[in-house]
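What's in input_4.pdb: PDB, C-alpha atoms and all ligand atoms
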```pdb
ATOM      1  CA  MET A 918     123.189  23.024-134.461
ATOM      2  CA  VAL A 919     126.825  21.936-134.460
ATOM      3  CA  THR A 920     127.799  20.050-137.625
ATOM      4  CA  VAL A 921     130.597  17.517-138.069
ATOM      5  CA  LYS A 922     131.902  17.287-141.641
ATOM      6  CA  ASN A 923     132.637  14.052-143.472
ATOM      7  CA  GLU A 924     135.686  13.562-145.731
ATOM      8  CA  LYS A 925     133.950  14.812-148.847
ATOM      9  CA  GLU A 926     132.591  17.897-147.113
ATOM     10  CA  ILE A 927     136.066  18.578-145.714
ATOM     11  CA  GLU A 928     137.444  18.474-149.259
ATOM     12  CA  TYR A 929     134.897  21.117-150.273
ATOM     13  CA  MET A 930     135.790  23.205-147.216
ATOM     14  CA  ARG A 931     139.469  22.972-148.143
ATOM     15  CA  GLU A 932     138.747  24.272-151.612
ATOM     16  CA  SER A 933     136.600  27.241-150.516
ATOM     17  CA  CYS A 934     139.167  28.096-147.862
ATOM     18  CA  ARG A 935     142.054  27.912-150.338
ATOM     19  CA  ILE A 936     140.225  30.443-152.513
ATOM     20  CA  VAL A 937     139.782  32.730-149.502
ATOM     21  CA  LYS A 938     143.468  32.483-148.685
ATOM     22  CA  GLU A 939     144.553  33.179-152.260
ATOM     23  CA  THR A 940     142.214  36.152-152.471
ATOM     24  CA  LEU A 941     143.674  37.634-149.290
ATOM     25  CA  ASP A 942     147.202  37.083-150.616
ATOM     26  CA  PHE A 943     146.169  38.879-153.805
ATOM     27  CA  VAL A 944     144.717  41.780-151.803
ATOM     28  CA  GLY A 945     147.889  41.922-149.700
ATOM     29  CA  LYS A 946     149.999  42.331-152.832
ATOM     30  CA  ASN A 947     147.831  45.088-154.257
ATOM     31  CA  ILE A 948     146.455  47.154-151.376
ATOM     32  CA  ARG A 949     148.101  50.554-151.008
ATOM     33  CA  ALA A 950     147.613  54.119-149.829
ATOM     34  CA  GLY A 951     145.402  56.140-152.157
ATOM     35  CA  MET A 952     142.972  53.319-152.885
ATOM     36  CA  THR A 953     139.440  53.558-151.567
ATOM     37  CA  THR A 954     137.947  50.733-149.559
ATOM     38  CA  LYS A 955     135.657  50.162-152.568
ATOM     39  CA  ASP A 956     138.742  49.610-154.762
ATOM     40  CA  VAL A 957     139.732  46.824-152.363
ATOM     41  CA  ASP A 958     136.264  45.332-152.602
ATOM     42  CA  ASP A 959     136.485  45.298-156.400
ATOM     43  CA  LEU A 960     139.717  43.280-156.183
ATOM     44  CA  VAL A 961     138.020  40.791-153.876
ATOM     45  CA  TYR A 962     134.929  40.422-156.039
ATOM     46  CA  LYS A 963     136.882  39.877-159.243
ATOM     47  CA  TYR A 964     139.336  37.426-157.725
ATOM     48  CA  ILE A 965     136.719  35.237-156.055
ATOM     49  CA  ILE A 966     134.529  35.159-159.163
ATOM     50  CA  SER A 967     137.578  34.228-161.279
ATOM     51  CA  CYS A 968     137.986  31.167-159.025
ATOM     52  CA  GLY A 969     134.465  29.997-159.867
ATOM     53  CA  ALA A 970     133.308  30.830-156.333
ATOM     54  CA  TYR A 971     130.875  33.364-154.888
ATOM     55  CA  PRO A 972     131.794  36.125-152.394
ATOM     56  CA  SER A 973     129.122  35.068-149.939
ATOM     57  CA  GLU A 974     129.185  38.222-147.826
ATOM     58  CA  LEU A 975     127.505  39.916-150.802
ATOM     59  CA  GLY A 976     123.799  39.894-149.982
ATOM     60  CA  TYR A 977     124.294  38.181-146.615
ATOM     61  CA  GLU A 978     121.484  39.579-144.462
ATOM     62  CA  GLY A 979     121.435  42.500-146.864
ATOM     63  CA  TYR A 980     125.181  43.223-146.657
ATOM     64  CA  PRO A 981     125.995  45.317-149.756
ATOM     65  CA  ALA A 982     129.584  44.280-150.626
ATOM     66  CA  SER A 983     131.936  41.342-151.229
ATOM     67  CA  SER A 984     134.251  42.143-148.333
ATOM     68  CA  CYS A 985     134.468  43.924-145.017
ATOM     69  CA  VAL A 986     137.217  46.557-145.167
ATOM     70  CA  SER A 987     137.808  48.038-141.729
ATOM     71  CA  VAL A 988     140.280  50.896-141.283
ATOM     72  CA  ASN A 989     141.953  51.806-137.947
ATOM     73  CA  GLU A 990     139.129  52.452-135.424
ATOM     74  CA  VAL A 991     136.715  50.308-137.433
ATOM     75  CA  VAL A 992     136.856  46.873-135.813
ATOM     76  CA  VAL A 993     134.909  44.817-138.346
ATOM     77  CA  HIS A 994     132.103  45.027-140.932
ATOM     78  CA  GLY A 995     133.428  48.200-142.546
ATOM     79  CA  ILE A 996     131.341  48.631-145.695
ATOM     80  CA  PRO A 997     133.564  49.382-148.698
ATOM     81  CA  GLY A 998     132.975  52.899-149.982
ATOM     82  CA  ASP A 999     134.781  56.135-150.697
ATOM     83  CA  ARG A1000     137.063  56.174-147.624
ATOM     84  CA  VAL A1001     140.611  56.602-148.889
ATOM     85  CA  ILE A1002     143.265  54.354-147.369
ATOM     86  CA  LEU A1003     146.130  56.463-146.047
ATOM     87  CA  ASP A1004     149.778  55.846-145.355
ATOM     88  CA  GLY A1005     150.044  54.621-141.758
ATOM     89  CA  ASP A1006     146.604  52.968-141.680
ATOM     90  CA  ILE A1007     145.933  49.424-140.591
ATOM     91  CA  VAL A1008     143.213  47.827-142.710
ATOM     92  CA  SER A1009     141.427  44.613-141.920
ATOM     93  CA  VAL A1010     139.984  42.777-144.890
ATOM     94  CA  ASP A1011     137.522  40.017-144.006
ATOM     95  CA  ILE A1012     136.141  37.838-146.768
ATOM     96  CA  THR A1013     134.165  34.675-147.335
ATOM     97  CA  ALA A1014     133.880  32.517-150.440
ATOM     98  CA  GLU A1015     131.355  29.816-151.228
ATOM     99  CA  LYS A1016     131.927  26.989-153.678
ATOM    100  CA  ASN A1017     130.126  23.623-153.930
ATOM    101  CA  GLY A1018     127.821  24.832-151.156
ATOM    102  CA  PHE A1019     130.557  25.343-148.543
ATOM    103  CA  HIS A1020     131.989  28.572-147.164
ATOM    104  CA  GLY A1021     135.495  29.607-146.171
ATOM    105  CA  ASP A1022     136.100  32.712-144.028
ATOM    106  CA  ALA A1023     139.275  34.580-143.103
ATOM    107  CA  ALA A1024     140.590  38.047-142.314
ATOM    108  CA  ARG A1025     143.956  39.770-142.286
ATOM    109  CA  THR A1026     144.944  43.204-141.017
ATOM    110  CA  PHE A1027     147.270  44.828-143.537
ATOM    111  CA  LEU A1028     149.873  47.480-142.702
ATOM    112  CA  ILE A1029     149.778  50.393-145.156
ATOM    113  CA  GLY A1030     153.118  52.112-145.669
ATOM    114  CA  ASN A1031     154.743  53.694-142.667
ATOM    115  CA  VAL A1032     152.748  52.305-139.724
ATOM    116  CA  SER A1033     153.547  53.375-136.154
ATOM    117  CA  GLU A1034     155.315  50.946-133.869
ATOM    118  CA  GLU A1035     152.247  51.014-131.606
ATOM    119  CA  LYS A1036     149.866  49.845-134.324
ATOM    120  CA  ARG A1037     152.328  47.263-135.669
ATOM    121  CA  LYS A1038     152.472  45.708-132.245
ATOM    122  CA  LEU A1039     148.681  45.586-132.014
ATOM    123  CA  VAL A1040     148.489  43.710-135.312
ATOM    124  CA  LYS A1041     151.261  41.326-134.310
ATOM    125  CA  VAL A1042     149.725  40.514-130.936
ATOM    126  CA  THR A1043     146.306  39.970-132.573
ATOM    127  CA  GLU A1044     147.843  37.362-134.888
ATOM    128  CA  GLU A1045     149.631  35.788-131.928
ATOM    129  CA  CYS A1046     146.269  35.494-130.140
ATOM    130  CA  PHE A1047     145.052  33.195-132.914
ATOM    131  CA  PHE A1048     148.165  31.015-132.720
ATOM    132  CA  LYS A1049     147.973  30.822-128.920
ATOM    133  CA  ALA A1050     144.369  29.680-129.295
ATOM    134  CA  ILE A1051     145.210  26.788-131.607
ATOM    135  CA  GLU A1052     148.322  25.655-129.725
ATOM    136  CA  GLU A1053     146.594  23.014-127.668
ATOM    137  CA  LEU A1054     143.438  22.664-129.714
ATOM    138  CA  ARG A1055     142.310  19.178-130.764
ATOM    139  CA  ALA A1056     139.293  16.897-130.508
ATOM    140  CA  GLY A1057     138.176  16.938-126.874
ATOM    141  CA  THR A1058     139.351  20.471-126.045
ATOM    142  CA  PRO A1059     136.719  22.541-124.208
ATOM    143  CA  LEU A1060     135.435  25.307-126.476
ATOM    144  CA  TYR A1061     136.129  28.217-124.134
ATOM    145  CA  ASP A1062     139.816  27.333-123.914
ATOM    146  CA  ILE A1063     140.036  29.233-127.202
ATOM    147  CA  GLY A1064     138.728  32.459-125.687
ATOM    148  CA  TYR A1065     140.797  31.936-122.579
ATOM    149  CA  ALA A1066     143.985  31.766-124.643
ATOM    150  CA  VAL A1067     143.063  34.816-126.743
ATOM    151  CA  GLN A1068     142.041  36.909-123.759
ATOM    152  CA  THR A1069     145.054  36.001-121.647
ATOM    153  CA  HIS A1070     147.472  36.952-124.401
ATOM    154  CA  ALA A1071     145.719  40.177-125.443
ATOM    155  CA  GLU A1072     145.186  41.444-121.912
ATOM    156  CA  SER A1073     148.798  40.664-120.944
ATOM    157  CA  HIS A1074     149.657  43.440-123.426
ATOM    158  CA  GLY A1075     147.018  45.781-122.009
ATOM    159  CA  TYR A1076     144.715  45.377-125.004
ATOM    160  CA  GLY A1077     140.935  45.072-125.100
ATOM    161  CA  VAL A1078     139.106  41.936-126.260
ATOM    162  CA  VAL A1079     135.914  42.682-128.160
ATOM    163  CA  ARG A1080     133.014  40.766-126.678
ATOM    164  CA  ALA A1081     130.131  41.939-128.846
ATOM    165  CA  LEU A1082     131.224  39.731-131.752
ATOM    166  CA  THR A1083     132.599  36.201-131.806
ATOM    167  CA  GLY A1084     133.981  33.458-133.993
ATOM    168  CA  HIS A1085     131.636  30.703-135.128
ATOM    169  CA  GLY A1086     131.170  27.336-136.740
ATOM    170  CA  ILE A1087     131.135  27.315-140.544
ATOM    171  CA  GLY A1088     130.159  24.968-143.357
ATOM    172  CA  LYS A1089     127.065  24.978-145.540
ATOM    173  CA  SER A1090     126.256  28.229-143.736
ATOM    174  CA  MET A1091     128.703  31.055-143.171
ATOM    175  CA  HIS A1092     127.677  31.158-139.525
ATOM    176  CA  GLU A1093     126.954  27.920-137.714
ATOM    177  CA  ASP A1094     127.026  26.870-134.089
ATOM    178  CA  PRO A1095     128.903  27.051-131.882
ATOM    179  CA  SER A1096     129.639  30.678-131.169
ATOM    180  CA  VAL A1097     133.378  30.997-130.433
ATOM    181  CA  PRO A1098     134.043  33.895-128.047
ATOM    182  CA  ASN A1099     137.445  35.502-127.682
ATOM    183  CA  TYR A1100     137.159  35.469-123.888
ATOM    184  CA  GLY A1101     136.250  32.733-121.449
ATOM    185  CA  ARG A1102     137.152  30.407-118.651
ATOM    186  CA  LYS A1103     139.535  27.554-119.252
ATOM    187  CA  GLY A1104     138.049  24.065-119.061
ATOM    188  CA  THR A1105     134.478  25.146-119.838
ATOM    189  CA  GLY A1106     132.160  24.858-122.811
ATOM    190  CA  MET A1107     131.341  22.003-125.151
ATOM    191  CA  ARG A1108     134.108  19.649-126.153
ATOM    192  CA  LEU A1109     135.253  20.090-129.727
ATOM    193  CA  ARG A1110     134.949  17.099-132.044
ATOM    194  CA  ALA A1111     137.051  15.960-134.975
ATOM    195  CA  GLY A1112     135.428  17.124-138.205
ATOM    196  CA  MET A1113     134.113  20.382-136.788
ATOM    197  CA  THR A1114     135.121  23.452-138.798
ATOM    198  CA  ILE A1115     135.222  26.724-136.894
ATOM    199  CA  CYS A1116     136.379  30.285-137.413
ATOM    200  CA  ILE A1117     138.669  31.707-134.758
ATOM    201  CA  GLU A1118     138.822  35.468-135.095
ATOM    202  CA  PRO A1119     140.352  37.629-132.394
ATOM    203  CA  MET A1120     139.214  41.276-132.550
ATOM    204  CA  ILE A1121     141.630  43.209-130.369
ATOM    205  CA  THR A1122     141.659  46.914-129.469
ATOM    206  CA  MET A1123     144.299  49.326-128.252
ATOM    207  CA  GLY A1124     141.907  50.799-125.684
ATOM    208  CA  THR A1125     138.464  49.862-124.478
ATOM    209  CA  TYR A1126     136.865  46.621-125.638
ATOM    210  CA  LYS A1127     133.560  48.455-126.004
ATOM    211  CA  VAL A1128     132.271  49.023-129.512
ATOM    212  CA  TYR A1129     129.540  50.924-131.328
ATOM    213  CA  GLN A1130     127.456  49.780-134.233
ATOM    214  CA  ASP A1131     126.802  52.486-136.820
ATOM    215  CA  ARG A1132     123.192  53.644-136.512
ATOM    216  CA  ASN A1133     122.935  54.644-140.129
ATOM    217  CA  ASP A1134     124.374  51.730-142.057
ATOM    218  CA  GLY A1135     123.566  49.103-139.421
ATOM    219  CA  TRP A1136     126.905  47.312-139.956
ATOM    220  CA  THR A1137     130.088  49.248-139.206
ATOM    221  CA  ILE A1138     131.522  48.322-135.803
ATOM    222  CA  THR A1139     133.823  50.976-134.333
ATOM    223  CA  THR A1140     135.766  51.123-131.070
ATOM    224  CA  ALA A1141     133.875  53.238-128.528
ATOM    225  CA  ASP A1142     136.995  55.325-127.801
ATOM    226  CA  GLY A1143     138.106  55.706-131.423
ATOM    227  CA  LYS A1144     141.370  53.858-130.820
ATOM    228  CA  PRO A1145     142.630  51.360-133.410
ATOM    229  CA  ALA A1146     141.599  47.714-133.558
ATOM    230  CA  ALA A1147     142.963  44.696-135.391
ATOM    231  CA  HIS A1148     141.304  41.508-136.620
ATOM    232  CA  TYR A1149     142.776  38.190-137.665
ATOM    233  CA  GLU A1150     140.729  35.165-138.687
ATOM    234  CA  ASN A1151     141.183  31.675-140.044
ATOM    235  CA  THR A1152     138.861  28.756-140.669
ATOM    236  CA  VAL A1153     140.222  25.658-138.921
ATOM    237  CA  LEU A1154     139.350  21.968-139.015
ATOM    238  CA  ILE A1155     139.465  20.140-135.679
ATOM    239  CA  THR A1156     141.269  16.800-135.914
ATOM    240  CA  GLU A1157     142.117  14.052-133.413
ATOM    241  CA  ASN A1158     145.648  15.370-133.019
ATOM    242  CA  GLY A1159     145.290  19.093-133.521
ATOM    243  CA  VAL A1160     143.927  21.439-136.134
ATOM    244  CA  GLU A1161     144.333  21.988-139.846
ATOM    245  CA  ILE A1162     144.288  25.705-140.662
ATOM    246  CA  LEU A1163     142.280  25.715-143.884
ATOM    247  CA  THR A1164     142.853  29.355-144.834
ATOM    248  CA  LEU A1165     146.623  29.479-144.373
TER     249      LEU A1165
HETATM  250  N1  LIG A1201     133.256  37.320-142.414
HETATM  251  C1  LIG A1201     132.516  37.810-141.270
HETATM  252  C2  LIG A1201     132.794  36.838-140.129
HETATM  253  O1  LIG A1201     133.919  36.621-139.835
HETATM  254  C3  LIG A1201     131.084  37.942-141.547
HETATM  255  C4  LIG A1201     130.782  39.171-142.261
HETATM  256  S1  LIG A1201     129.118  39.266-142.413
HETATM  257  C5  LIG A1201     128.895  40.463-143.529
HETATM  258  O2  LIG A1201     131.965  36.238-139.538
HETATM  259  F1  LIG A1201     127.640  40.493-143.740
HETATM  260  F2  LIG A1201     129.351  41.589-143.025
HETATM  261  F3  LIG A1201     129.522  40.196-144.599
HETATM  262 CO    CO A1202     135.199  36.708-141.512
HETATM  263 CO    CO A1203     134.004  34.691-139.294
END
```

Just give me the structure of the file as structure tokens.
Amino acid sequence: MVTVKNEKEIEYMRESCRIVKETLDFVGKNIRAGMTTKDVDDLVYKYIISCGAYPSELGYEGYPASSCVSVNEVVVHGIPGDRVILDGDIVSVDITAEKNGFHGDAARTFLIGNVSEEKRKLVKVTEECFFKAIEELRAGTPLYDIGYAVQTHAESHGYGVVRALTGHGIGKSMHEDPSVPNYGRKGTGMRLRAGMTICIEPMITMGTYKVYQDRNDGWTITTADGKPAAHYENTVLITENGVEILTL
């Protein structure tokens, strides 16, 4: 079910999303080589709790941590643990926070130390994919224009667009309708409405778009060819004239 938020609900969304943004800024200032992915998760947990919010990934369908910390070939849903972050890694940190019953959701891919030109470009283009997607977005835009914009930009650089996972609506639940793919045909799909809040989250790979899900932990998504991937996500509010990026 697609939900349209009223003014009061939008205020709550803004607050949860501001907490998500601040937490990611805090992680960005503190993440460095030598930390484990669990150390990053501890930062996330403490920061979100200190804001009077809850890190709603924790316990979500049994997920065991407060963040997804995905290094290099891990696309998304990396479970924080004893993997040590190394100089030259790219690390996506994807978090959600819930306050007053509403969730915010965003992800950044951080550059750790001396990152190769190749990987820097992947991260930059992934961010650009998001901004291309919102360029002409407003009430009335067909949903799959988002994926069309992401796919066109990523593939123009020879990158892969992950299909197995998508963006999504968000609100009282972390995942609401509609599903927001990162690929698609322009001019198709439902028309977006003012008051919808959705997460746009390009997941872009340096090689194949095919991914594996870890058989043992049931979560970790890795590129099938082991090449690096980047992830960038914001929660956005659709308005009559455009979008408001709630997590930026
Ligand atoms: N934040 C993720 C998203 O963008 C969801 C992570 S689900 C979890 O949709 F269980 F892994 F936390
Ligand atoms: Co997310
Ligand atoms: Co999301």

Residues matched by the PyMOL selection byres (((chain A and resi 984) around 7) and not hetatm) as a short mmCIF file (atom, residue, chain, number, x, y, z; two decimals) with C-alpha atoms, in the coordinates of the input:
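As written to disk, selection.cif reads:
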```cif
data_model
loop_
_atom_site.label_atom_id
_atom_site.label_comp_id
_atom_site.auth_asym_id
_atom_site.auth_seq_id
_atom_site.Cartn_x
_atom_site.Cartn_y
_atom_site.Cartn_z
CA ASP A 958 136.26 45.33 -152.60
CA VAL A 961 138.02 40.79 -153.88
CA GLU A 974 129.18 38.22 -147.83
CA ALA A 982 129.58 44.28 -150.63
CA SER A 983 131.94 41.34 -151.23
CA CYS A 985 134.47 43.92 -145.02
CA VAL A 986 137.22 46.56 -145.17
CA VAL A 1010 139.98 42.78 -144.89
CA ASP A 1011 137.52 40.02 -144.01
CA ILE A 1012 136.14 37.84 -146.77
#
```

Set the distance at 10 Å and use only C-alpha atoms: which residues neighbour Ser973 (chain A) once local chain neighbours fewer than 6 positions away are removed? I'd like the list as a PyMOL selection string. chain A and resi 962+965+980+982-984+1012-1016+1019-1022+1090-1091

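One finds CA of Leu1082 (chain A) at 28.2 Å from CA of Glu928 (chain A).
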
Which residues match the PyMOL selection byres (((not hetatm)) within 9 of (chain A and resi 1203)) in the file above, as a CSV table (one decimal) with C-alpha atoms, in the coordinates of the input?
```csv
chain,number,residue,atom,x,y,z
A,1011,ASP,CA,137.5,40.0,-144.0
A,1012,ILE,CA,136.1,37.8,-146.8
A,1013,THR,CA,134.2,34.7,-147.3
A,1021,GLY,CA,135.5,29.6,-146.2
A,1022,ASP,CA,136.1,32.7,-144.0
A,1023,ALA,CA,139.3,34.6,-143.1
A,1024,ALA,CA,140.6,38.0,-142.3
A,1083,THR,CA,132.6,36.2,-131.8
A,1084,GLY,CA,134.0,33.5,-134.0
A,1085,HIS,CA,131.6,30.7,-135.1
A,1086,GLY,CA,131.2,27.3,-136.7
A,1087,ILE,CA,131.1,27.3,-140.5
A,1091,MET,CA,128.7,31.1,-143.2
A,1092,HIS,CA,127.7,31.2,-139.5
A,1115,ILE,CA,135.2,26.7,-136.9
A,1116,CYS,CA,136.4,30.3,-137.4
A,1117,ILE,CA,138.7,31.7,-134.8
A,1118,GLU,CA,138.8,35.5,-135.1
A,1150,GLU,CA,140.7,35.2,-138.7
A,1151,ASN,CA,141.2,31.7,-140.0
A,1152,THR,CA,138.9,28.8,-140.7
```

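Among the candidates A:Glu932, A:Asp956, A:Glu978, A:Asp999, the one nearest to ligand LIG 1201 (chain A) when counting only C-alpha atoms and all ligand atoms is A:Glu978.
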
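Near region 1030-1045 of chain A, within a cut-off of 7 Å and counting all atoms listed in the file, sit the residues Asp1004, Gly1005, Asp1006, Ala1071, Pro1119, Ile1121, Met1123, Ala1147, His1148 and Tyr1149 of chain A, with same-chain residues fewer than 5 positions away left out.
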
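CA of Phe1048 (chain A) is found 20.5 Å from CA of Tyr1126 (chain A).
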
Atoms kept (all heavy atoms) for region 1111-1121 of chain A, as a PDB file, in the first residue's frame:
```pdb
ATOM      1  N   ALA A1111       2.355  14.053  -4.406  1.00  0.00           N
ATOM      2  CA  ALA A1111       2.900  14.923  -3.348  1.00  0.00           C
ATOM      3  C   ALA A1111       2.567  14.295  -1.992  1.00  0.00           C
ATOM      4  O   ALA A1111       1.442  13.823  -1.784  1.00  0.00           O
ATOM      5  CB  ALA A1111       2.302  16.323  -3.458  1.00  0.00           C
ATOM      6  N   GLY A1112       3.548  14.281  -1.103  1.00  0.00           N
ATOM      7  CA  GLY A1112       3.343  13.689   0.216  1.00  0.00           C
ATOM      8  C   GLY A1112       3.843  12.262   0.322  1.00  0.00           C
ATOM      9  O   GLY A1112       3.896  11.692   1.409  1.00  0.00           O
ATOM     10  N   MET A1113       4.231  11.682  -0.821  1.00  0.00           N
ATOM     11  CA  MET A1113       4.878  10.362  -0.747  1.00  0.00           C
ATOM     12  C   MET A1113       6.312  10.562  -0.269  1.00  0.00           C
ATOM     13  O   MET A1113       6.971  11.524  -0.661  1.00  0.00           O
ATOM     14  CB  MET A1113       4.898   9.677  -2.124  1.00  0.00           C
ATOM     15  CG  MET A1113       3.558   9.101  -2.544  1.00  0.00           C
ATOM     16  SD  MET A1113       3.603   8.422  -4.229  1.00  0.00           S
ATOM     17  CE  MET A1113       4.678   7.027  -4.011  1.00  0.00           C
ATOM     18  N   THR A1114       6.790   9.641   0.569  1.00  0.00           N
ATOM     19  CA  THR A1114       8.204   9.651   0.959  1.00  0.00           C
ATOM     20  C   THR A1114       8.810   8.339   0.486  1.00  0.00           C
ATOM     21  O   THR A1114       8.292   7.256   0.770  1.00  0.00           O
ATOM     22  CB  THR A1114       8.376   9.818   2.480  1.00  0.00           C
ATOM     23  OG1 THR A1114       7.449   8.957   3.164  1.00  0.00           O
ATOM     24  CG2 THR A1114       8.103  11.251   2.913  1.00  0.00           C
ATOM     25  N   ILE A1115       9.894   8.463  -0.268  1.00  0.00           N
ATOM     26  CA  ILE A1115      10.526   7.272  -0.856  1.00  0.00           C
ATOM     27  C   ILE A1115      12.044   7.328  -0.675  1.00  0.00           C
ATOM     28  O   ILE A1115      12.624   8.401  -0.535  1.00  0.00           O
ATOM     29  CB  ILE A1115      10.193   7.123  -2.362  1.00  0.00           C
ATOM     30  CG1 ILE A1115      10.696   8.327  -3.173  1.00  0.00           C
ATOM     31  CG2 ILE A1115       8.687   6.929  -2.569  1.00  0.00           C
ATOM     32  CD1 ILE A1115      10.561   8.133  -4.689  1.00  0.00           C
ATOM     33  N   CYS A1116      12.634   6.145  -0.685  1.00  0.00           N
ATOM     34  CA  CYS A1116      14.091   6.040  -0.619  1.00  0.00           C
ATOM     35  C   CYS A1116      14.608   5.699  -2.007  1.00  0.00           C
ATOM     36  O   CYS A1116      14.173   4.720  -2.620  1.00  0.00           O
ATOM     37  CB  CYS A1116      14.500   4.951   0.362  1.00  0.00           C
ATOM     38  SG  CYS A1116      14.105   5.413   2.045  1.00  0.00           S
ATOM     39  N   ILE A1117      15.520   6.527  -2.486  1.00  0.00           N
ATOM     40  CA  ILE A1117      16.165   6.291  -3.773  1.00  0.00           C
ATOM     41  C   ILE A1117      17.591   5.877  -3.463  1.00  0.00           C
ATOM     42  O   ILE A1117      18.310   6.611  -2.765  1.00  0.00           O
ATOM     43  CB  ILE A1117      16.123   7.561  -4.645  1.00  0.00           C
ATOM     44  CG1 ILE A1117      14.656   7.947  -4.883  1.00  0.00           C
ATOM     45  CG2 ILE A1117      16.866   7.336  -5.961  1.00  0.00           C
ATOM     46  CD1 ILE A1117      14.475   9.261  -5.632  1.00  0.00           C
ATOM     47  N   GLU A1118      17.971   4.683  -3.890  1.00  0.00           N
ATOM     48  CA  GLU A1118      19.253   4.140  -3.437  1.00  0.00           C
ATOM     49  C   GLU A1118      19.982   3.346  -4.504  1.00  0.00           C
ATOM     50  O   GLU A1118      19.959   2.115  -4.505  1.00  0.00           O
ATOM     51  CB  GLU A1118      19.077   3.312  -2.172  1.00  0.00           C
ATOM     52  CG  GLU A1118      17.951   2.301  -2.157  1.00  0.00           C
ATOM     53  CD  GLU A1118      17.900   1.561  -0.807  1.00  0.00           C
ATOM     54  OE1 GLU A1118      18.946   1.072  -0.345  1.00  0.00           O
ATOM     55  OE2 GLU A1118      16.803   1.470  -0.229  1.00  0.00           O
ATOM     56  N   PRO A1119      20.656   4.064  -5.416  1.00  0.00           N
ATOM     57  CA  PRO A1119      21.441   3.350  -6.421  1.00  0.00           C
ATOM     58  C   PRO A1119      22.514   2.460  -5.793  1.00  0.00           C
ATOM     59  O   PRO A1119      23.229   2.894  -4.883  1.00  0.00           O
ATOM     60  CB  PRO A1119      22.070   4.469  -7.258  1.00  0.00           C
ATOM     61  CG  PRO A1119      21.827   5.733  -6.522  1.00  0.00           C
ATOM     62  CD  PRO A1119      20.678   5.516  -5.616  1.00  0.00           C
ATOM     63  N   MET A1120      22.578   1.217  -6.293  1.00  0.00           N
ATOM     64  CA  MET A1120      23.634   0.260  -5.912  1.00  0.00           C
ATOM     65  C   MET A1120      24.340  -0.085  -7.215  1.00  0.00           C
ATOM     66  O   MET A1120      23.757  -0.716  -8.100  1.00  0.00           O
ATOM     67  CB  MET A1120      22.989  -0.987  -5.282  1.00  0.00           C
ATOM     68  CG  MET A1120      22.384  -0.723  -3.914  1.00  0.00           C
ATOM     69  SD  MET A1120      21.170  -1.955  -3.412  1.00  0.00           S
ATOM     70  CE  MET A1120      19.630  -1.082  -3.780  1.00  0.00           C
ATOM     71  N   ILE A1121      25.568   0.396  -7.350  1.00  0.00           N
ATOM     72  CA  ILE A1121      26.258   0.393  -8.638  1.00  0.00           C
ATOM     73  C   ILE A1121      27.569  -0.392  -8.520  1.00  0.00           C
ATOM     74  O   ILE A1121      28.295  -0.228  -7.535  1.00  0.00           O
ATOM     75  CB  ILE A1121      26.535   1.848  -9.086  1.00  0.00           C
ATOM     76  CG1 ILE A1121      25.240   2.696  -9.078  1.00  0.00           C
ATOM     77  CG2 ILE A1121      27.215   1.879 -10.456  1.00  0.00           C
ATOM     78  CD1 ILE A1121      24.133   2.196  -9.997  1.00  0.00           C
TER      79      ILE A1121
END
```
